[in-house]
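Worksheet: the structure to be examined is printed underneath.
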Amino acid sequence: MKNAVPLRLHVPEPPARPGQEADFSWVKVPPAGTVTRPDIAVDPYEIRRHAYELIRVLDDNAAAVGPWDPRLDAETVRRGLRAMMLTRAYDERMFRAQRQGKTSFYMRCTGEEAVGVGQAMALDDRDMTFPTYRQQGLLITRGWSLVDMMNQVFSNTRDRLKGRQMPIMYSSKEAGFFSISGNLATQFSQAVGWAMASAIKGDDRIAAGWIGEGATAEGDFHHALTFASVYRAPVILNIVNNQYAISSFQGIAGGERTTFAARGLGYGLPSLRVDGNDFLAVYAVTRWAADRARANLGSTLIELFTYRAAAHSTSDDPSKYRPADEARHWPLGDPIERLRAHLVARGEWSDERHGQLAAEVDGEVRDALREAESYGTLGTGEHHSPATMFDDVFKEMPWHLRRQRQELGY
Amino acid sequence: MKNAVPLRLHVPEPPARPGQEADFSWVKVPPAGTVTRPDIAVDPYEIRRHAYELIRVLDDNAAAVGPWDPRLDAETVRRGLRAMMLTRAYDERMFRAQRQGKTSFYMRCTGEEAVGVGQAMALDDRDMTFPTYRQQGLLITRGWSLVDMMNQVFSNTRDRLKGRQMPIMYSSKEAGFFSISGNLATQFSQAVGWAMASAIKGDDRIAAGWIGEGATAEGDFHHALTFASVYRAPVILNIVNNQYAISSFQGIAGGERTTFAARGLGYGLPSLRVDGNDFLAVYAVTRWAADRARANLGSTLIELFTYRAAAHSTSDDPSKYRPADEARHWPLGDPIERLRAHLVARGEWSDERHGQLAAEVDGEVRDALREAESYGTLGTGEHHSPATMFDDVFKEMPWHLRRQRQELGY
Amino acid sequence: MVQALNAAMDIMLGRDANVVVFGEDVGYFGGVFRCTEGLQRKYGPSRVFDTPIAEAGLLATAVGMGAYGLRPVVEIQFADYIYPATDQLISEAARLRYRSVGDFTAPITVRAPCGGGIFGGQTHSQSPEAIFTHVCGLTTVIPSNPYDAKGLLISAIEDDDPVIFLEPKRLYNGPFDGHHDRPVTPWTEHPAGEVPDGYYTVPLGKASVVRSGEAVTVLTYGTMVHVAMTAVAESGVDGEVIDLRTLIPIDIDTIVDSVRKTGRCVIVHEATRTSGFGAELSALVQENCFYSLEAPIVRVTGWDTPYPHSLEWDYFPGPKRVAEGLRRAMEG
Amino acid sequence: MVQALNAAMDIMLGRDANVVVFGEDVGYFGGVFRCTEGLQRKYGPSRVFDTPIAEAGLLATAVGMGAYGLRPVVEIQFADYIYPATDQLISEAARLRYRSVGDFTAPITVRAPCGGGIFGGQTHSQSPEAIFTHVCGLTTVIPSNPYDAKGLLISAIEDDDPVIFLEPKRLYNGPFDGHHDRPVTPWTEHPAGEVPDGYYTVPLGKASVVRSGEAVTVLTYGTMVHVAMTAVAESGVDGEVIDLRTLIPIDIDTIVDSVRKTGRCVIVHEATRTSGFGAELSALVQENCFYSLEAPIVRVTGWDTPYPHSLEWDYFPGPKRVAEGLRRAMEG
Ligand SMILES: Cc1ncc(C[n+]2csc(CCOP(=O)(O)OP(=O)(O)O)c2C)c(N)n1
Ligand SMILES: Cc1ncc(C[n+]2csc(CCOP(=O)(O)OP(=O)(O)O)c2C)c(N)n1
Ligand SMILES: [Mg+2]
Ligand SMILES: [Mg+2]
């Protein structure tokens with residue numbers, strides 16, 4: 001009964017480290033259009049294989065092909081392109097603002113813009129979102145004010161959150177955007193609770209939650225899938241697999257031997273894996289999942305397979321743990337470039353219009369920045385009164401907080 | 001984009017409640033011997049279907065059939081029968097002792113004896129177990145002293161745990177039986193840690209953990225599977241699906257739309273579902289999983305499909321939430337009766353020998369009880385000195401505990 | 001007390017369509033302590049339901065429901081099992097109003113049976129209240145009798161912020177006086193056992209002076225209110241016994257008025273001593289009543305050990321130990 | 001201080017084959033604060049490794065490894081993220097020796113950066129130590145300088161029970177004096193910045209008197225040691241500043257000796273006030289030094305609010321507030 005060999009611990013290692021050649025040979029990229037599109041009423045068991053496929057719509061010639069093609073009109077696609085470009089321009093500007101000392105911290109979603117933008121477009125604006133810190137695209141797509149977002153990033157005098165939250169931890173009930181938590185994963189199971197509430201009330205709004213592939217290891221992820229499955233909650237559960245959790249490659253999160261979409265199978269949830277840099281595919285699977293939720297068919301798990309092209313945050317330097325040029329080798333390309341090429345291929349776009357649009361979104365960001373800066377930045381130190389620090393701990397301020405506020409001199 | 005129908009919450013309901021006819025029509029019982037037995041080096045992906053099958057060895061004529069037949073010699077099978085009968089006799093006697101006021105609480109594993117016993121026999125005695133409160137069969141099979149177990153249940157003067165733990169929360173490092181926790185699920189991920197340690201040290205001992213189907217909803221379950229998968233830990237992860245978590249049927253834990261074995265698929269773990277009342281099948285799958293672990297092939301998830309024939313505990317009355325005679329309708333029978341019939345069918349057993357054995361195990365329990373009672377029971381109040389209450393909080397007692405002990409008068 | 005709690009939930013389910021009740025075994029079965037008996041039958045399974053065994057999942061879904069606009073009332077089967085939910089409680093429920101400036105709130109009531117005295121051993125006997133009192137944004141309530149239990153639970157459910165509502169399980173069936181070797185008195189024989197039908201509230205943040213006295217102030221809550229009363233009676237020390245009822249926000253005025261009058265203070269709780277809520281009470285009393293204190297403040301508490309199964313009555317701070325504390329406070 | 005912590009782990013990995021180091025990003029990358037830099041390269045990936053993001057999973061596997069016989073040193077990336085692990089810490093690690101009568105133990109060290117002052121906002125600034133001090137079976141340590149950090153961390157790793165080792169992240173790069181608007185002094189300019197090579201220990205459970213004084217005793221730990229020193233210097237009050245270093249077990253003798261001498265006491269910590277560890281300190285001081293106290297004990301602490309991003313210096317109990325506390329203690 002004894003083993004012949006001593007036991008040993010397997011510790012996953014990424015294919016390449018700094019100084020080595022980037023290696024994505026393990027990524028299987030199937031041709032676009034090859035994955036079937038089942039009816040929303042399908043028995044999840046029947047589509048188990050979808051968790052291991054990669055739903056793609058844009059082919060090598062940037063044409064939209066196959067059953068998942070959402071057949072969006074050019075105007076809608078241009079709206080998507082614009083929102084992605086605006087998101088990127090916003091990110092770049094805020095990144096620089098942090099470097100210029102205007103705030104303490106920033107996180108970009110570079111390379112992942114199709115997630116927030118494509119999914120926001122596939123949802124109804126009244127649907128509730130429980131994002132992570134990398135879905136600023138949701139807010140931007142829903143037309144939320146850039147100035148308001150910047151005010152938050154700068155913790156300035158107009159910051160609706162009164163400087164309480166770190167930059168990028170937006171919150172807007174009006175925009176259906178749940179307050180971002182610094183604690184990973186917690187919001188994923190809360191999204192399920194919100195969806196259960198909507199179902200309890202016989203409402204028609206659904207919810208969507210996001211989580212990074214790294215954070216799927218938290219218990220909250222399991223609670224989300226369990227409750228979503230048991231109560232058939234009208235919620236879309238999105239895993240953004242951008243290959244990294246700070247320095248840890250996705251193998252450390254459990255991606256070495258399977259896909260993250262496969263996590264849904266054990267709960268009886270339909271589980272789709274989608275090319276996260278393919279705007280049309282992202283839109284289509286999200287819409288499919290939304291339709292299921294609205295039809296009381298329950299929750300869908302989606303893995304958005306993408307790549308974190310930039311650093312984790314302004315505190316991070318990825319060249320310490322991955323090949324410096326790895327992003328360039330990512331086999332699924334850039335979501336903006338791919339959608340641009342698609343519009344061009346459709347005859348609905350040109351280099352000239354693209355250049356104009358780029359200038360336009362840059363201008364929009366610049367104008368917003370000018371206004372936001374006029375309300376102060378963290379660097380200039382203009383912010384809400386320290387007296388506000390004691391508000392909203394409770395709805396009504398108890399005596400001990402009143403006394404502490406007095407101690408501080410307010 | 002709006003839904004035509006209002007959303008609604010789905011709340012799983014069991015097929016039958018008190019006053020209704022027991023209904024197990026949903027349980028699919030495939031013929032014994034029909035599930036394939038793959039090589040231990042199989043790619044888990046290739047045996048995904050096993051998570052939805054039911055591995056069975058004993059057929060309707062009590063013959064052992066099919067590729068999972070472990071071909072145990074009669075002596076070994078009789079040892080298994082004896083350990084199961086001893087476990088049941090012990091349970092019945094301790095249950096009565098609780099009713100007689102000799103202790104505060106007791107939990108039986110009636111109908112689930114093949115789990116603890118069959119799995120203990122398939123493991124090496126040096127392997128480490130992280131059980132729940134329903135695997136007393138492990139200790140009994142490993143030949144642990146009944147008197148010692150009873151001392152614990154009675155919290156008496158010989159209780160090695162000094163009366164600190166509730167009855168049935170055994171602990172024995174010597175028997176490779178981890179200290180039972182009152183908190184569900186916590187030990188499941190600890191088992192993985194133990195197995196990782198064994199692998200780190202290049203040892204040859206593997207670990208096994210158990211969890212109830214109800215407790216699989218806890219985050220610890222997810223952590224166990226994640227870490228086991230990432231590090232290919234030499235650990236067997238067992239889900240005992242006995243259909244109930246106190247009053248909640250397994251649908252509330254997420255069993256309505258899938259199996260519990262299927263939970264393992266998303267982690268890339270081979271996941272087997274076994275007739276938990278079929279001693280030979282339980283033995284065989286456990287052995288398969290142990291062989292995999294020992295060969296550095298990593299962890300296996302096993303769902304033991306069984307039925308909690310008795311009450312949850314002495315504090316519980318199942319007639320409040322399920323048909324009173326439901327146990328009689330359980331389609332997989334009783335593990336002891338089935339193994340007895342098998343031995344008889346093999347010509348290795350008789351009613352007479354069975355009667356003798358029953359008397360023998362009863363006598364063994366009676367003798368142990370007499371001895372244990374001589375050391376006191378909770379009812380008689382003979383227990384360790386209150387001074388011992390302050391020991392073992394830390395290895396060395398800090399001043400504040402010394403002072404508190406003095407306050408108590410010791 | 002079980003009936004009083006049940007009535008509070010029944011009334012609030014009836015009055016407010018946004019109230020939902022859920023937890024492990026609370027639906028059809030009505031809870032392992034029977035507190036939710038009959039509620040599912042009355043309000044249906046989408047208002048009162050069983051959940052998977054995942055305390056963090058319970059709290060997380062409650063936070064989401066709260067953000068939607070519901071008022072979840074969640075049962076944690078034993079307070080000992082609240083720890084898996086601490087992150088959702090501390091990092092999420094308690095912070096939500098603050099971090100969203102009131103945009104999203106978590107009007108959640110978390111009910112959990114606490115305390116020992118039923119041979120539950122170390123995992124069915126704990127009193128974890130101190131931890132919650134350290135978390136800003138949480139209100140912590142512990143009733144000591146059926147009248148208060150009903151009124152406080154209704155207030156908790158109506159409160160717009162998360163409330164930890166700890167129910168001393170030793171009091172479910174009667175006002176336990178601390179003498180475990182004597183017959184149990186039922187609530188029917190206790191004045192606060194009489195519970196009016198229908199809606200009423202007992203305000204959060206207000207203590208109750210259950211016995212006026214001149215010699216020493218006794219600050220306590222939950223089961224220990226009754227034990228303290230016994231100790232006062234048996235010791236002959238003229239203690240003023242204050243049932244705090246709400247720990248946060250604490251009723252500082254009632255405490256200060258009493259200690260300024262008596263000049264002495266004994267704090268009694270069942271939880272382990274070090275960094276227990278008694279520490280905060282002690283700090284508050286000495287900060288606010290320093291010049292009135294004639295003797296050191298005395299803490300009578302559970303020991304800094306787990307709650308042992310067979311030795312639970314040696315662990316429990318019973319009437320004898322409380323009386324001893326009263327004497328020490330009088331001598332000091 | 002980062003190098004001192006790194007050296008402690010390096011030495012213990014070298015001395016004891018049972019020591020393993022793991023956590024989120026601690027392997028190849030060496031930790032987000034670089035505390036484990038180079039250790040994986042030196043000891044290999046089965047001794048020093050990255051883990052999935054699951055703090056409860058980290059602690060659970062550590063408990064299992066401890067039961068096997070290893071000595072896990074676990075990093076929680078920020079103390080704010082320790083809450084998911086509370087159940088494994090409180091119900092399991094802290095209880096294991098007790099419930100198995102020493103058969104199984106959990107000799108685990110849990111390292112976590114704590115405290116604010118780096119614009120980390122409410123989820124990268126917390127000081128949750130009080131919670132752990134309430135849990136019997138846990139030792140809680142907070143160093144204030146590199147010399148102690150290394151010696152205490154080695155003691156923690158060698159300790160046979162679970163130790164919560166909180167590292168004030170504001171001190172990683174220098175002895176922060178509380179004046180955030182002044183240039184940072186590096187550790188090289190501080191006496192306790194000098195760290196001997198090789199193995200040495202600083203005992204757990206022993207406080208250090210960092211400044212003798214006659215007027216008032218200042219009880220503090222972590223970052224606030226340096227802030228208290230600044231406040232003493234700037235206020236001119238002759239404070240005796242005690243760096244507690246270990247919170248549980250607390251060094252009661254050093255505290256009592258000092259307060260009996262000075263007759264006054266100020267307690268300083270960064271954590272929120274209510275039920276913070278200052279409450280326990282206050283209770284202990286008044287229990288043990290009642291007749292020596294000439295004025296109420298003063299607590300100077302973080303407010304009972306989350307740690308706000310832009311207002312962090314209004315939240316932080318800086319030298320001005322501590323000095324004000326010293327004056328109050330002298331007037332009382
Ligand atoms: C509970 C918790 N643990 C750890 C952290 C620290 N942390 C912040 S982001 C991060 C990585 C998350 O990776 P992933 O989930 O893949 O999301 P991504 O950053 O790639 O979008 C970690 C470990 C945290 N914020 N919360
Ligand atoms: C963390 C935690 N939550 C709740 C409980 C209360 N509890 C004890 S047993 C039990 C049911 C467990 O059911 P299952 O896991 O199916 O195991 P079984 O009793 O059927 O063997 C519950 C809810 C607990 N002990 N621990
Ligand atoms: Mg990621
Ligand atoms: Mg069960």
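Chain labels follow the order of the structure tokens: the first chain is A, the next B, and so on; residue numbering restarts at 1 in every chain, and ligands are counted from 1 in their shown order.
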Inset, instruction - Taking only C-alpha atoms and all ligand atoms into account, report as a PyMOL selection string which residues have an atom no farther than 9 Å from an atom of ligand 1. - result: (chain A and resi 107+109+132-135+181-186+211-218+239-250+253+307-308+312-313) or (chain C and resi 87) or (chain D and resi 24-25+52-55+76-78+80-84+123-124)
Would you save the residues from that selection as a short mmCIF file (atom, residue, chain, number, x, y, z; two decimals), in the first residue's frame, using C-alpha atoms?
```cif
data_model
loop_
_atom_site.label_atom_id
_atom_site.label_comp_id
_atom_site.auth_asym_id
_atom_site.auth_seq_id
_atom_site.Cartn_x
_atom_site.Cartn_y
_atom_site.Cartn_z
CA MET A 107 -5.79 51.34 -11.57
CA CYS A 109 -8.14 48.38 -17.23
CA THR A 132 -14.51 45.15 -9.26
CA TYR A 133 -12.11 48.05 -9.54
CA ARG A 134 -11.46 47.24 -13.21
CA GLN A 135 -14.93 47.86 -14.64
CA SER A 181 -14.99 47.45 -1.98
CA GLY A 182 -11.28 47.24 -1.27
CA ASN A 183 -11.90 43.66 -0.20
CA LEU A 184 -11.79 41.31 -3.11
CA ALA A 185 -14.72 39.03 -3.97
CA THR A 186 -17.13 40.29 -1.32
CA ILE A 211 -14.60 39.09 -10.04
CA GLY A 212 -10.98 38.66 -11.07
CA GLU A 213 -9.67 35.18 -11.75
CA GLY A 214 -7.35 35.59 -8.79
CA ALA A 215 -10.17 36.44 -6.41
CA THR A 216 -12.22 33.39 -7.45
CA ALA A 217 -10.25 31.53 -4.78
CA GLU A 218 -12.08 33.42 -2.04
CA ILE A 239 -15.00 36.09 -14.04
CA VAL A 240 -12.49 38.41 -15.65
CA ASN A 241 -9.51 36.18 -16.32
CA ASN A 242 -6.82 38.70 -17.19
CA GLN A 243 -4.07 36.13 -16.49
CA TYR A 244 -2.72 37.93 -13.43
CA ALA A 245 -3.48 38.68 -9.83
CA ILE A 246 -0.84 41.28 -9.06
CA SER A 247 2.29 39.14 -9.60
CA SER A 248 0.63 35.73 -9.58
CA PHE A 249 -0.18 34.11 -12.90
CA GLN A 250 -3.54 32.42 -13.28
CA ALA A 253 -5.53 30.69 -8.82
CA TYR A 307 -5.05 40.05 -20.58
CA ARG A 308 -4.04 42.76 -18.13
CA HIS A 312 -1.80 45.95 -11.63
CA SER A 313 -1.92 49.49 -10.24
CA ASP C 87 -15.55 39.85 6.74
CA GLU D 24 -0.30 36.00 -1.83
CA ASP D 25 2.57 37.21 -4.05
CA PRO D 52 -4.42 31.52 -4.23
CA ILE D 53 -6.19 34.62 -2.90
CA ALA D 54 -8.06 33.06 -0.01
CA GLU D 55 -7.01 34.18 3.42
CA ILE D 76 -1.78 38.35 4.91
CA GLN D 77 -1.22 41.07 2.35
CA PHE D 78 -2.90 43.73 4.48
CA ASP D 80 -7.56 44.57 6.58
CA TYR D 81 -7.83 41.28 4.70
CA ILE D 82 -7.46 39.03 7.70
CA TYR D 83 -11.21 38.99 8.37
CA PRO D 84 -12.01 36.18 5.93
CA THR D 123 -9.22 48.95 3.48
CA HIS D 124 -5.44 49.35 3.65
#
```
Legend entry - Close residues, Gln286 (chain D) itself excluded, 9 Å, only C-alpha atoms, min 3 positions apart in chain, as a PyMOL selection string: (chain C and resi 282-283+286+296-297) or (chain D and resi 281-283+289-293+297)
Inset, instruction - Step one, run DSSP on the backbone; step two, keep only residues of region 21-210 of chain C assigned to strand (DSSP E or B); then write them as a VMD selection string. - result: chain C and resid 21 to 23 48 to 50 71 to 75 109 to 114 139 to 141 163 to 168 208 to 210
Inset, instruction - Find the residues of chain C in contact range of chain A, meaning any atom within 8 Å when counting only C-alpha atoms, and list them as a PyMOL selection string. - result: chain C and resi 46-47+52+54+56-57+60-68+70+88+91-92+94-104+136-137+160-161+249
Legend entry - Shell of 12 Å around Thr188 (chain C), only C-alpha atoms, local chain residues under 5 positions omitted, as number ranges by chain: C: 1, 3, 145-147, 173-175, 193-195
Inset, instruction - With a cut-off of 8 Å and counting only C-alpha atoms, select all residues of chain A in contact with chain B and give the selection as an NGL selection string. - result: :A and (1-12 or 124 or 196 or 198-204 or 217-220 or 222-223 or 226-227 or 229-234 or 251-254 or 256-268 or 291 or 294-296)
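The list of residues with at least one atom within 10 Å of Asp60 (chain B), based on only C-alpha atoms and without residues fewer than 5 positions apart in the same chain, reads Pro31, Ala32, Arg338 and His342 of chain B.
Here atom 19 (O, counted along the ligand's line) of ligand 2 and CA of Thr306 (chain B) stand 12.0 Å from one another.
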Inset, instruction - Would you work out the distance separating CA of Thr246 (chain D) from CA of Thr305 (chain D), expressed in Å to one decimal? - result: 25.3 Å
Legend entry - CA of Ala233 (chain C) to CA of Thr140 (chain C), straight-line distance in Å: 28.7 Å
